[in-house]
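> Structure file final_1.pdb, PDB, C-alpha atoms, is pasted below:
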ATOM      1  CA  MET F   1       3.610  30.903 -20.132
ATOM      2  CA  LYS F   2       5.931  27.933 -20.010
ATOM      3  CA  PHE F   3       6.229  25.814 -16.869
ATOM      4  CA  LEU F   4       8.746  23.135 -16.012
ATOM      5  CA  ILE F   5       6.997  20.556 -13.828
ATOM      6  CA  ILE F   6       9.050  18.486 -11.397
ATOM      7  CA  GLY F   7       7.604  15.293  -9.875
ATOM      8  CA  ASP F   8       8.104  13.663  -6.474
ATOM      9  CA  LEU F   9      11.837  13.648  -5.748
ATOM     10  CA  HIS F  10      12.128  11.927  -2.362
ATOM     11  CA  GLY F  11      15.621  13.213  -1.724
ATOM     12  CA  ASN F  12      17.003  12.907  -5.279
ATOM     13  CA  VAL F  13      18.320  16.054  -6.970
ATOM     14  CA  PRO F  14      16.399  16.539 -10.240
ATOM     15  CA  GLU F  15      17.769  16.442 -13.739
ATOM     16  CA  ILE F  16      16.521  19.303 -15.927
ATOM     17  CA  TYR F  17      15.783  18.207 -19.497
ATOM     18  CA  PHE F  18      14.059  21.322 -20.824
ATOM     19  CA  GLU F  19      15.245  24.885 -21.414
ATOM     20  CA  ASP F  20      13.412  28.186 -21.757
ATOM     21  CA  PHE F  21      10.671  28.120 -19.118
ATOM     22  CA  ASP F  22       9.177  30.966 -17.095
ATOM     23  CA  ALA F  23       8.627  29.145 -13.810
ATOM     24  CA  ILE F  24       8.787  25.764 -12.099
ATOM     25  CA  ILE F  25       5.907  23.860 -10.525
ATOM     26  CA  ALA F  26       6.881  21.239  -7.941
ATOM     27  CA  PRO F  27       3.987  19.651  -6.005
ATOM     28  CA  GLY F  28       5.960  18.335  -3.053
ATOM     29  CA  ASP F  29       7.801  15.355  -1.570
ATOM     30  CA  PHE F  30      11.266  16.889  -1.560
ATOM     31  CA  CYS F  31      12.520  15.064   1.551
ATOM     32  CA  SER F  32      13.897  11.540   1.333
ATOM     33  CA  ASP F  33      11.974   8.521   2.525
ATOM     34  CA  ALA F  34      14.181   6.070   4.395
ATOM     35  CA  PRO F  35      11.284   5.274   6.803
ATOM     36  CA  ARG F  36       9.088   4.132   3.887
ATOM     37  CA  LYS F  37       9.520   0.371   4.373
ATOM     38  CA  TYR F  38       8.779   0.679   8.090
ATOM     39  CA  MET F  39       5.684   2.754   7.338
ATOM     40  CA  PHE F  40       4.418   0.072   4.957
ATOM     41  CA  GLN F  41       5.030  -2.571   7.623
ATOM     42  CA  ALA F  42       3.183  -0.547  10.271
ATOM     43  CA  LEU F  43       0.302   0.166   7.885
ATOM     44  CA  LYS F  44      -0.016  -3.531   7.037
ATOM     45  CA  LEU F  45      -0.111  -4.494  10.705
ATOM     46  CA  ASN F  46      -2.673  -1.802  11.521
ATOM     47  CA  LEU F  47      -4.908  -2.758   8.574
ATOM     48  CA  GLU F  48      -4.808  -6.395   9.637
ATOM     49  CA  ASN F  49      -5.603  -5.458  13.220
ATOM     50  CA  PRO F  50      -7.630  -2.224  13.526
ATOM     51  CA  LYS F  51      -6.947  -2.150  17.282
ATOM     52  CA  SER F  52      -3.208  -1.971  16.637
ATOM     53  CA  LYS F  53      -1.670   1.486  16.943
ATOM     54  CA  ILE F  54       1.910   0.564  16.091
ATOM     55  CA  GLN F  55       4.005   3.349  14.558
ATOM     56  CA  TRP F  56       6.807   3.094  12.009
ATOM     57  CA  TYR F  57       9.370   4.320  14.534
ATOM     58  CA  ASP F  58       8.439   1.486  16.893
ATOM     59  CA  LEU F  59       9.569  -0.916  14.175
ATOM     60  CA  ALA F  60      12.671   1.059  13.168
ATOM     61  CA  GLY F  61      13.718   1.920  16.709
ATOM     62  CA  LYS F  62      13.592   5.536  17.864
ATOM     63  CA  LYS F  63      17.344   6.139  17.705
ATOM     64  CA  ASN F  64      17.452   4.912  14.114
ATOM     65  CA  ALA F  65      14.241   6.785  13.292
ATOM     66  CA  LYS F  66      15.644  10.081  14.597
ATOM     67  CA  GLU F  67      18.650   9.788  12.248
ATOM     68  CA  MET F  68      16.344   8.964   9.345
ATOM     69  CA  ILE F  69      14.290  12.095   9.965
ATOM     70  CA  LYS F  70      17.436  14.253  10.227
ATOM     71  CA  LYS F  71      18.800  12.957   6.911
ATOM     72  CA  SER F  72      15.404  13.282   5.238
ATOM     73  CA  VAL F  73      15.175  16.978   6.148
ATOM     74  CA  GLN F  74      18.751  17.640   4.998
ATOM     75  CA  ASP F  75      18.036  15.976   1.649
ATOM     76  CA  GLY F  76      14.890  18.052   1.184
ATOM     77  CA  ARG F  77      16.754  21.282   1.884
ATOM     78  CA  LYS F  78      19.410  20.426  -0.742
ATOM     79  CA  ILE F  79      16.725  19.938  -3.366
ATOM     80  CA  LEU F  80      14.969  23.218  -2.596
ATOM     81  CA  GLU F  81      18.340  25.004  -2.702
ATOM     82  CA  LYS F  82      18.977  23.445  -6.124
ATOM     83  CA  LEU F  83      15.586  24.555  -7.465
ATOM     84  CA  ASN F  84      15.993  28.015  -5.936
ATOM     85  CA  GLY F  85      19.323  28.434  -7.747
ATOM     86  CA  ILE F  86      17.811  27.935 -11.203
ATOM     87  CA  GLY F  87      16.736  31.571 -11.076
ATOM     88  CA  VAL F  88      13.023  31.431 -11.881
ATOM     89  CA  PRO F  89      10.010  31.374  -9.538
ATOM     90  CA  VAL F  90       9.440  27.901  -8.086
ATOM     91  CA  TYR F  91       5.856  27.275  -6.996
ATOM     92  CA  VAL F  92       5.645  24.535  -4.371
ATOM     93  CA  VAL F  93       3.315  22.820  -1.945
ATOM     94  CA  PRO F  94       4.519  20.488   0.798
ATOM     95  CA  GLY F  95       4.082  16.791   0.214
ATOM     96  CA  ASN F  96       3.301  14.243   2.877
ATOM     97  CA  TRP F  97       7.073  13.632   3.270
ATOM     98  CA  ASP F  98       7.922  17.284   3.905
ATOM     99  CA  TYR F  99       7.193  17.622   7.638
ATOM    100  CA  ALA F 100       4.638  20.372   7.167
ATOM    101  CA  GLU F 101       2.317  19.309   9.964
ATOM    102  CA  SER F 102       2.449  17.276  13.147
ATOM    103  CA  ASN F 103       1.858  13.543  12.837
ATOM    104  CA  LYS F 104      -0.101  13.708  16.096
ATOM    105  CA  THR F 105       1.664  10.699  17.562
ATOM    106  CA  GLY F 106       3.071  10.185  21.034
ATOM    107  CA  TRP F 107       6.727  10.666  20.045
ATOM    108  CA  LYS F 108       7.884  14.290  19.887
ATOM    109  CA  GLU F 109      10.486  13.694  17.157
ATOM    110  CA  ALA F 110       7.760  12.503  14.775
ATOM    111  CA  ASN F 111       5.655  15.561  15.586
ATOM    112  CA  LYS F 112       8.227  18.211  14.685
ATOM    113  CA  VAL F 113       7.404  20.533  11.771
ATOM    114  CA  TYR F 114      10.330  21.440   9.483
ATOM    115  CA  TRP F 115       8.587  22.867   6.414
ATOM    116  CA  LYS F 116       9.215  26.511   7.324
ATOM    117  CA  SER F 117      12.932  25.965   7.900
ATOM    118  CA  LEU F 118      13.228  23.955   4.666
ATOM    119  CA  LYS F 119      12.248  27.089   2.699
ATOM    120  CA  LYS F 120      14.002  29.680   4.849
ATOM    121  CA  GLY F 121      16.051  32.223   2.904
ATOM    122  CA  LEU F 122      15.184  30.785  -0.514
ATOM    123  CA  LYS F 123      13.730  33.798  -2.323
ATOM    124  CA  ASN F 124      12.600  31.927  -5.436
ATOM    125  CA  ILE F 125      10.661  29.259  -3.515
ATOM    126  CA  ILE F 126       7.007  30.332  -3.387
ATOM    127  CA  ASP F 127       4.759  28.273  -1.132
ATOM    128  CA  VAL F 128       1.171  28.184  -2.441
ATOM    129  CA  HIS F 129      -0.267  25.739   0.110
ATOM    130  CA  GLN F 130      -3.823  26.867   0.908
ATOM    131  CA  LYS F 131      -3.208  30.124  -0.960
ATOM    132  CA  ILE F 132      -4.220  31.791  -4.201
ATOM    133  CA  ILE F 133      -1.380  33.578  -5.981
ATOM    134  CA  ASN F 134      -1.381  35.667  -9.148
ATOM    135  CA  ILE F 135       0.998  34.754 -11.945
ATOM    136  CA  GLY F 136       0.424  36.738 -15.108
ATOM    137  CA  ASP F 137      -2.952  35.919 -16.622
ATOM    138  CA  TYR F 138      -3.450  33.014 -14.219
ATOM    139  CA  GLN F 139      -3.869  32.211 -10.553
ATOM    140  CA  ILE F 140      -2.357  29.241  -8.746
ATOM    141  CA  ILE F 141      -4.252  27.538  -5.929
ATOM    142  CA  GLY F 142      -2.368  25.060  -3.740
ATOM    143  CA  HIS F 143      -3.531  22.112  -1.649
ATOM    144  CA  GLY F 144      -0.537  20.300  -0.180
ATOM    145  CA  ILE F 145       0.300  17.473   2.235
ATOM    146  CA  THR F 146      -2.658  15.182   1.465
ATOM    147  CA  SER F 147      -1.583  11.596   0.806
ATOM    148  CA  GLY F 148      -5.005  10.023   0.266
ATOM    149  CA  PRO F 149      -8.736  10.792   0.335
ATOM    150  CA  GLU F 150      -9.284  13.499   2.938
ATOM    151  CA  TYR F 151     -12.207  11.454   4.223
ATOM    152  CA  PRO F 152     -11.833   7.648   4.141
ATOM    153  CA  GLN F 153     -13.341   5.922   1.115
ATOM    154  CA  GLN F 154     -12.200   2.390   2.037
ATOM    155  CA  GLU F 155     -11.904   0.331   5.220
ATOM    156  CA  LEU F 156     -14.537   2.372   7.067
ATOM    157  CA  LYS F 157     -15.004  -0.582   9.411
ATOM    158  CA  ASN F 158     -11.512   0.081  10.781
ATOM    159  CA  TYR F 159     -12.668   3.368  12.330
ATOM    160  CA  THR F 160     -14.899   3.980  15.315
ATOM    161  CA  LYS F 161     -17.877   6.319  14.962
ATOM    162  CA  SER F 162     -16.072   9.002  16.950
ATOM    163  CA  GLU F 163     -12.947   8.682  14.762
ATOM    164  CA  LEU F 164     -15.040   9.053  11.607
ATOM    165  CA  LYS F 165     -16.819  12.060  13.108
ATOM    166  CA  ILE F 166     -13.468  13.765  13.798
ATOM    167  CA  LYS F 167     -12.232  12.932  10.294
ATOM    168  CA  LYS F 168     -15.435  14.354   8.797
ATOM    169  CA  ILE F 169     -14.971  17.622  10.698
ATOM    170  CA  GLU F 170     -11.331  17.883   9.580
ATOM    171  CA  TYR F 171     -12.242  17.082   5.985
ATOM    172  CA  LEU F 172     -15.030  19.675   5.842
ATOM    173  CA  LYS F 173     -12.738  22.323   7.339
ATOM    174  CA  MET F 174     -10.116  21.601   4.691
ATOM    175  CA  TYR F 175     -12.722  21.498   1.905
ATOM    176  CA  LYS F 176     -14.116  24.895   2.900
ATOM    177  CA  LYS F 177     -10.630  26.469   2.821
ATOM    178  CA  ILE F 178      -9.916  25.304  -0.731
ATOM    179  CA  ASP F 179     -13.463  25.962  -1.929
ATOM    180  CA  LEU F 180     -13.217  29.558  -0.660
ATOM    181  CA  LEU F 181     -10.005  30.093  -2.643
ATOM    182  CA  PHE F 182     -11.672  28.855  -5.816
ATOM    183  CA  SER F 183     -14.698  31.077  -5.218
ATOM    184  CA  LYS F 184     -12.341  34.086  -5.039
ATOM    185  CA  ALA F 185     -10.502  33.290  -8.277
ATOM    186  CA  LYS F 186     -10.782  36.018 -10.935
ATOM    187  CA  LYS F 187      -8.549  34.398 -13.554
ATOM    188  CA  LEU F 188      -7.977  30.969 -15.041
ATOM    189  CA  VAL F 189      -6.776  28.612 -12.323
ATOM    190  CA  ILE F 190      -3.741  26.369 -12.234
ATOM    191  CA  PHE F 191      -4.653  23.965  -9.437
ATOM    192  CA  MET F 192      -1.734  22.427  -7.580
ATOM    193  CA  PRO F 193      -2.579  19.694  -5.055
ATOM    194  CA  HIS F 194       0.135  17.382  -3.772
ATOM    195  CA  ASN F 195      -1.977  14.363  -4.664
ATOM    196  CA  VAL F 196      -3.773  13.696  -7.956
ATOM    197  CA  PRO F 197      -7.605  13.621  -8.074
ATOM    198  CA  TYR F 198      -9.434  10.655  -6.585
ATOM    199  CA  ASN F 199     -10.861   7.751  -8.596
ATOM    200  CA  THR F 200      -9.159   8.411 -11.920
ATOM    201  CA  PRO F 201      -6.564   6.526 -13.982
ATOM    202  CA  LEU F 202      -3.950   8.690 -12.238
ATOM    203  CA  ASP F 203      -4.497   7.544  -8.652
ATOM    204  CA  LYS F 204      -4.696   3.742  -8.713
ATOM    205  CA  ILE F 205      -1.964   2.134  -6.609
ATOM    206  CA  VAL F 206      -0.062  -0.463  -8.625
ATOM    207  CA  ASN F 207       2.582  -1.574  -6.163
ATOM    208  CA  PRO F 208       2.608  -5.139  -4.794
ATOM    209  CA  ALA F 209       4.710  -3.933  -1.846
ATOM    210  CA  SER F 210       1.942  -1.566  -0.732
ATOM    211  CA  PRO F 211      -0.823  -2.801   1.584
ATOM    212  CA  ARG F 212      -3.162  -0.651  -0.514
ATOM    213  CA  ASN F 213      -2.212  -2.213  -3.852
ATOM    214  CA  GLY F 214      -5.108  -1.934  -6.313
ATOM    215  CA  GLN F 215      -6.928   0.872  -4.487
ATOM    216  CA  HIS F 216      -7.677   4.363  -5.756
ATOM    217  CA  PHE F 217      -6.073   6.696  -3.247
ATOM    218  CA  GLY F 218      -6.052  10.196  -4.698
ATOM    219  CA  SER F 219      -7.314  13.450  -3.207
ATOM    220  CA  LEU F 220     -11.076  13.643  -2.767
ATOM    221  CA  ILE F 221     -10.927  17.434  -2.503
ATOM    222  CA  ALA F 222      -8.883  17.714  -5.718
ATOM    223  CA  ARG F 223     -11.560  15.669  -7.490
ATOM    224  CA  GLN F 224     -14.357  17.802  -6.036
ATOM    225  CA  MET F 225     -12.700  21.106  -7.010
ATOM    226  CA  ILE F 226     -12.198  19.877 -10.581
ATOM    227  CA  ASP F 227     -15.807  18.690 -10.846
ATOM    228  CA  ARG F 228     -17.130  21.964  -9.436
ATOM    229  CA  TYR F 229     -14.814  24.681 -10.770
ATOM    230  CA  HIS F 230     -13.101  23.170 -13.849
ATOM    231  CA  PRO F 231      -9.596  24.687 -13.496
ATOM    232  CA  LEU F 232      -7.498  24.805 -16.646
ATOM    233  CA  VAL F 233      -4.997  22.279 -15.296
ATOM    234  CA  CYS F 234      -4.536  20.233 -12.132
ATOM    235  CA  ILE F 235      -0.904  19.357 -11.408
ATOM    236  CA  GLY F 236      -0.203  16.796  -8.700
ATOM    237  CA  GLY F 237       2.093  13.937  -7.843
ATOM    238  CA  HIS F 238       2.232  11.452  -4.965
ATOM    239  CA  MET F 239       1.155   8.463  -7.101
ATOM    240  CA  HIS F 240       4.457   7.203  -8.469
ATOM    241  CA  GLU F 241       2.980   4.666 -10.855
ATOM    242  CA  HIS F 242       1.426   7.045 -13.366
ATOM    243  CA  PHE F 243       3.370   9.647 -15.366
ATOM    244  CA  ARG F 244       0.773  11.014 -17.745
ATOM    245  CA  SER F 245      -2.225  13.315 -18.163
ATOM    246  CA  TYR F 246      -5.931  12.647 -18.058
ATOM    247  CA  LYS F 247      -8.694  14.852 -19.406
ATOM    248  CA  MET F 248     -11.495  15.570 -16.911
ATOM    249  CA  GLY F 249     -14.036  17.692 -18.754
ATOM    250  CA  LYS F 250     -12.428  21.098 -19.246
ATOM    251  CA  THR F 251      -9.533  20.225 -16.920
ATOM    252  CA  THR F 252      -6.314  18.502 -17.898
ATOM    253  CA  ALA F 253      -5.085  16.583 -14.854
ATOM    254  CA  ILE F 254      -1.337  15.889 -14.816
ATOM    255  CA  ASN F 255       0.530  13.364 -12.718
ATOM    256  CA  ALA F 256       4.032  14.820 -12.476
ATOM    257  CA  GLY F 257       5.539  11.394 -11.831
ATOM    258  CA  PHE F 258       8.310  10.220  -9.564
ATOM    259  CA  GLY F 259      12.070  10.512  -9.620
ATOM    260  CA  SER F 260      14.893  12.841 -10.535
ATOM    261  CA  TYR F 261      14.753  11.765 -14.185
ATOM    262  CA  VAL F 262      11.207  12.873 -15.103
ATOM    263  CA  ASN F 263      10.141  16.348 -16.264
ATOM    264  CA  VAL F 264       7.032  17.798 -17.874
ATOM    265  CA  LEU F 265       6.932  20.937 -19.981
ATOM    266  CA  LEU F 266       3.596  22.742 -19.963
ATOM    267  CA  GLU F 267       2.976  25.719 -22.209
ATOM    268  CA  ILE F 268      -0.325  27.535 -21.903
ATOM    269  CA  TYR F 269      -1.690  30.407 -23.948
ATOM    270  CA  GLY F 270      -4.983  31.944 -22.877
ATOM    271  CA  ASN F 271      -7.321  29.096 -21.999
ATOM    272  CA  LYS F 272      -5.498  26.590 -24.206
ATOM    273  CA  ILE F 273      -2.674  24.156 -23.638
ATOM    274  CA  ARG F 274      -0.248  24.798 -26.479
ATOM    275  CA  ARG F 275       2.286  22.146 -25.492
ATOM    276  CA  LEU F 276       2.358  19.298 -22.984
ATOM    277  CA  GLU F 277       5.462  17.131 -23.175
ATOM    278  CA  PHE F 278       6.452  14.317 -20.820
ATOM    279  CA  HIS F 279      10.134  13.406 -20.706
ATOM    280  CA  LYS F 280      11.603  10.423 -18.918
ATOM    281  CA  GLY F 281      15.375  10.165 -18.850
ATOM    282  CA  LYS F 282      17.525   7.245 -17.809
ATOM    283  CA  LYS F 283      16.968   6.152 -14.237
ATOM    284  CA  HIS F 284      20.119   6.216 -12.179
ATOM    285  CA  LYS F 285      21.218   6.382  -8.569
ATOM    286  CA  HIS F 286      22.525   9.616  -7.033
TER     287      HIS F 286
END
As structure tokens, how would this structure be written, given the file I've shared?

Amino acid sequence: MKFLIIGDLHGNVPEIYFEDFDAIIAPGDFCSDAPRKYMFQALKLNLENPKSKIQWYDLAGKKNAKEMIKKSVQDGRKILEKLNGIGVPVYVVPGNWDYAESNKTGWKEANKVYWKSLKKGLKNIIDVHQKIINIGDYQIIGHGITSGPEYPQQELKNYTKSELKIKKIEYLKMYKKIDLLFSKAKKLVIFMPHNVPYNTPLDKIVNPASPRNGQHFGSLIARQMIDRYHPLVCIGGHMHEHFRSYKMGKTTAINAGFGSYVNVLLEIYGNKIRRLEFHKGKKHKH
């Protein structure tokens, strides 16, 4: 089978550089990210002062923030419509920008979930989040949304004991869901988390603007599933800095990259990767 892999788009309609593929794999972050700078500012303030609970929309202003969210959702819908129109199955998971779960904050606009409506009526868009789906001789397992280690690996001092206990419960619940899917797999697995595996060359933040610059911030569960079950490939995104693959034992981990001008072509035959080609076009504004 031949797969076209699309990286994080953040509201930019993708260029397609390859022809002749059977399906598309797109591991999330379709919606645009106007709030990004405010989120970085809020994160920086909260890291500097663990007692601070400031939210990005407090910095942006709620009226401005509401318009940002509206535009972000509209941009995400346009991208999914574009991918749907290509005419092949498009396997997706929601990214952390795709409004797939409540942010659990005090402002209702930030808590709204839009993921279902983003996909509505798009027959070629196949959501594999927390599912196992057959595709020919393979099965795809999805693990979306996650934007960092599912249980904190840094800055533990910034959490109270009760907060860490809650996070541990949530992490174990999520781990058990994905582990159960892997235990049910009867064919070779194409693993599709939103985020790349933790503590690898694919997940180190190299962005001076980020308060987490220099940290590894991939998915702990993705790393654990690879170490335990050795899927054929692991295809994620989220980390914009690294557009490449990394061999982890029997698993080839792929960072699908960032932007409308990056594609990957993956061709697999049996338990072998026949072709893996990374293409980066000219960066331009849409």
> Since I can't run it myself right now, could you work out what the PyMOL selection byres ((chain F and resi 250) around 7) selects here and report it as an MDAnalysis selection string?
chainID F and resid 230 232 248:249 251:252
> Would you list the contacts of Tyr17 of chain F as a VMD selection string, taking every protein, DNA or RNA residue within 9 Å and counting all atoms listed in the file, but skipping same-chain residues closer than 3 positions in sequence?
chain F and resid 261 to 264 279 to 281
> If the PyMOL selection byres ((chain F and resi 239) around 10) were run on this exact file, what residues would it hold? Put them as an NGL selection string.
:F and (7-8 or 147-148 or 194-196 or 202-206 or 216-218 or 236-238 or 240-243 or 255-258)
> Pull the closest atom pair for each residue of segment 42-97 of chain F that gets at most 12 Å from segment 112-133 of chain F, along with the distance in Å to one decimal, counting all atoms listed in the file, ordering rows by chain and then ascending residue number, as a Markdown table.

| residue | atom | partner | partner_atom | distance |
| --- | --- | --- | --- | --- |
| F:Lys66 | CA | F:Lys112 | CA | 11.0 |
| F:Ile69 | CA | F:Lys112 | CA | 9.8 |
| F:Lys70 | CA | F:Tyr114 | CA | 10.1 |
| F:Ser72 | CA | F:Tyr114 | CA | 10.5 |
| F:Val73 | CA | F:Tyr114 | CA | 7.4 |
| F:Gln74 | CA | F:Leu118 | CA | 8.4 |
| F:Asp75 | CA | F:Leu118 | CA | 9.8 |
| F:Gly76 | CA | F:Leu118 | CA | 7.1 |
| F:Arg77 | CA | F:Leu118 | CA | 5.2 |
| F:Lys78 | CA | F:Leu118 | CA | 8.9 |
| F:Ile79 | CA | F:Leu118 | CA | 9.6 |
| F:Leu80 | CA | F:Lys119 | CA | 7.1 |
| F:Glu81 | CA | F:Leu122 | CA | 6.9 |
| F:Lys82 | CA | F:Leu122 | CA | 10.0 |
| F:Leu83 | CA | F:Ile125 | CA | 7.9 |
| F:Asn84 | CA | F:Asn124 | CA | 5.2 |
| F:Gly85 | CA | F:Asn124 | CA | 7.9 |
| F:Ile86 | CA | F:Asn124 | CA | 8.7 |
| F:Gly87 | CA | F:Asn124 | CA | 7.0 |
| F:Val88 | CA | F:Asn124 | CA | 6.5 |
| F:Pro89 | CA | F:Asn124 | CA | 4.9 |
| F:Val90 | CA | F:Ile125 | CA | 4.9 |
| F:Tyr91 | CA | F:Ile126 | CA | 4.9 |
| F:Val92 | CA | F:Asp127 | CA | 5.0 |
| F:Val93 | CA | F:His129 | CA | 5.1 |
| F:Pro94 | CA | F:His129 | CA | 7.1 |
| F:Gly95 | CA | F:Trp115 | CA | 9.8 |
| F:Asn96 | CA | F:Trp115 | CA | 10.7 |
| F:Trp97 | CA | F:Trp115 | CA | 9.9 |
> Rank nothing, just name the residue among F:Lys282, F:Lys71, F:Lys165, F:Lys272 nearest to Val233 of chain F, using all atoms listed in the file.
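That would be F:Lys272, the residue with the smallest distance to Val233 of chain F.
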> Quick one: which residues end up in the PyMOL selection byres ((chain F and resi 188) around 12) for this structure, as a ChimeraX atom specification?
/F:132-141,182-187,189-191,229-234,250-251,268-272
> With all atoms listed in the file as the basis for distance, which of F:Pro197, F:Gly106, F:Pro211, F:Gly144 is at the shortest distance from Pro27 of chain F?
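Of the candidates, the smallest distance to Pro27 of chain F is held by F:Gly144.
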> Record the distance separating atom CA of Gly214 of chain F and atom CA of Ser32 of chain F, expressed in Å with one decimal.
24.5 Å
> Which residue, F:Pro201, F:Gly61, F:Gly142, F:Pro149, has the smallest gap to Asp179 of chain F when you use only C-alpha atoms?
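Distance minimum relative to Asp179 of chain F lands on F:Gly142.
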> Using all atoms listed in the file, what residues lie at most 9 Å away from (-9.1, 16.6, -3.4) (file coordinates), given as a list in words?
His143, Thr146, Gly148, Pro149, Glu150, Tyr175, Pro193, Asn195, Val196, Pro197, Tyr198, Gly218, Ser219, Leu220, Ile221, Ala222, Arg223, Gln224, Met225 and Ile226 of chain F
> Could those residues be written to a file, using C-alpha atoms, as an mmCIF file, keeping the file's coordinate frame?

data_model
loop_
_atom_site.group_PDB
_atom_site.id
_atom_site.type_symbol
_atom_site.label_atom_id
_atom_site.label_comp_id
_atom_site.auth_asym_id
_atom_site.auth_seq_id
_atom_site.Cartn_x
_atom_site.Cartn_y
_atom_site.Cartn_z
ATOM 1 C CA HIS F 143 -3.531 22.112 -1.649
ATOM 2 C CA THR F 146 -2.658 15.182 1.465
ATOM 3 C CA GLY F 148 -5.005 10.023 0.266
ATOM 4 C CA PRO F 149 -8.736 10.792 0.335
ATOM 5 C CA GLU F 150 -9.284 13.499 2.938
ATOM 6 C CA TYR F 175 -12.722 21.498 1.905
ATOM 7 C CA PRO F 193 -2.579 19.694 -5.055
ATOM 8 C CA ASN F 195 -1.977 14.363 -4.664
ATOM 9 C CA VAL F 196 -3.773 13.696 -7.956
ATOM 10 C CA PRO F 197 -7.605 13.621 -8.074
ATOM 11 C CA TYR F 198 -9.434 10.655 -6.585
ATOM 12 C CA GLY F 218 -6.052 10.196 -4.698
ATOM 13 C CA SER F 219 -7.314 13.450 -3.207
ATOM 14 C CA LEU F 220 -11.076 13.643 -2.767
ATOM 15 C CA ILE F 221 -10.927 17.434 -2.503
ATOM 16 C CA ALA F 222 -8.883 17.714 -5.718
ATOM 17 C CA ARG F 223 -11.560 15.669 -7.490
ATOM 18 C CA GLN F 224 -14.357 17.802 -6.036
ATOM 19 C CA MET F 225 -12.700 21.106 -7.010
ATOM 20 C CA ILE F 226 -12.198 19.877 -10.581
#
> Expressed in Å to a single decimal, how great is the separation between atom CA of Phe21 of chain F and atom CA of Leu181 of chain F?
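About the pair atom CA of Phe21 of chain F and atom CA of Leu181 of chain F: they are 26.5 Å apart.
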> Just give me the gap between atom CA of Met39 of chain F and atom CA of Gln55 of chain F in Å, one decimal is fine.
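Between atom CA of Met39 of chain F and atom CA of Gln55 of chain F the gap works out to 7.4 Å.
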> Keeping C-alpha atoms (and nothing else), can you write segment 90-126 of chain F of this structure as a JSON list (two decimals), in the first residue's frame?

[["chain", "number", "residue", "atom", "x", "y", "z"],
["F", 90, "VAL", "CA", -8.19, 9.91, 4.77],
["F", 91, "TYR", "CA", -7.24, 8.48, 8.15],
["F", 92, "VAL", "CA", -7.14, 11.16, 10.84],
["F", 93, "VAL", "CA", -6.82, 11.74, 14.56],
["F", 94, "PRO", "CA", -7.57, 15.07, 16.22],
["F", 95, "GLY", "CA", -4.61, 17.17, 17.24],
["F", 96, "ASN", "CA", -4.46, 19.38, 20.29],
["F", 97, "TRP", "CA", -5.67, 22.31, 18.12],
["F", 98, "ASP", "CA", -8.77, 20.51, 16.86],
["F", 99, "TYR", "CA", -11.24, 21.11, 19.71],
["F", 100, "ALA", "CA", -11.81, 17.42, 20.35],
["F", 101, "GLU", "CA", -12.16, 17.67, 24.12],
["F", 102, "SER", "CA", -13.02, 20.27, 26.72],
["F", 103, "ASN", "CA", -10.17, 22.40, 28.04],
["F", 104, "LYS", "CA", -11.77, 22.18, 31.49],
["F", 105, "THR", "CA", -11.42, 25.89, 32.12],
["F", 106, "GLY", "CA", -13.91, 28.34, 33.58],
["F", 107, "TRP", "CA", -14.86, 29.95, 30.26],
["F", 108, "LYS", "CA", -17.53, 28.10, 28.27],
["F", 109, "GLU", "CA", -16.23, 29.20, 24.85],
["F", 110, "ALA", "CA", -12.89, 27.50, 25.53],
["F", 111, "ASN", "CA", -14.68, 24.32, 26.61],
["F", 112, "LYS", "CA", -16.71, 23.78, 23.45],
["F", 113, "VAL", "CA", -15.98, 20.64, 21.41],
["F", 114, "TYR", "CA", -16.08, 21.05, 17.61],
["F", 115, "TRP", "CA", -14.33, 17.90, 16.38],
["F", 116, "LYS", "CA", -17.54, 16.07, 15.46],
["F", 117, "SER", "CA", -18.89, 18.98, 13.42],
["F", 118, "LEU", "CA", -15.52, 19.45, 11.69],
["F", 119, "LYS", "CA", -15.89, 15.97, 10.15],
["F", 120, "LYS", "CA", -19.64, 16.00, 9.57],
["F", 121, "GLY", "CA", -20.72, 14.84, 6.12],
["F", 122, "LEU", "CA", -17.19, 14.12, 4.90],
["F", 123, "LYS", "CA", -17.42, 10.48, 3.82],
["F", 124, "ASN", "CA", -13.71, 10.00, 3.12],
["F", 125, "ILE", "CA", -12.57, 11.31, 6.52],
["F", 126, "ILE", "CA", -12.06, 8.31, 8.81]]
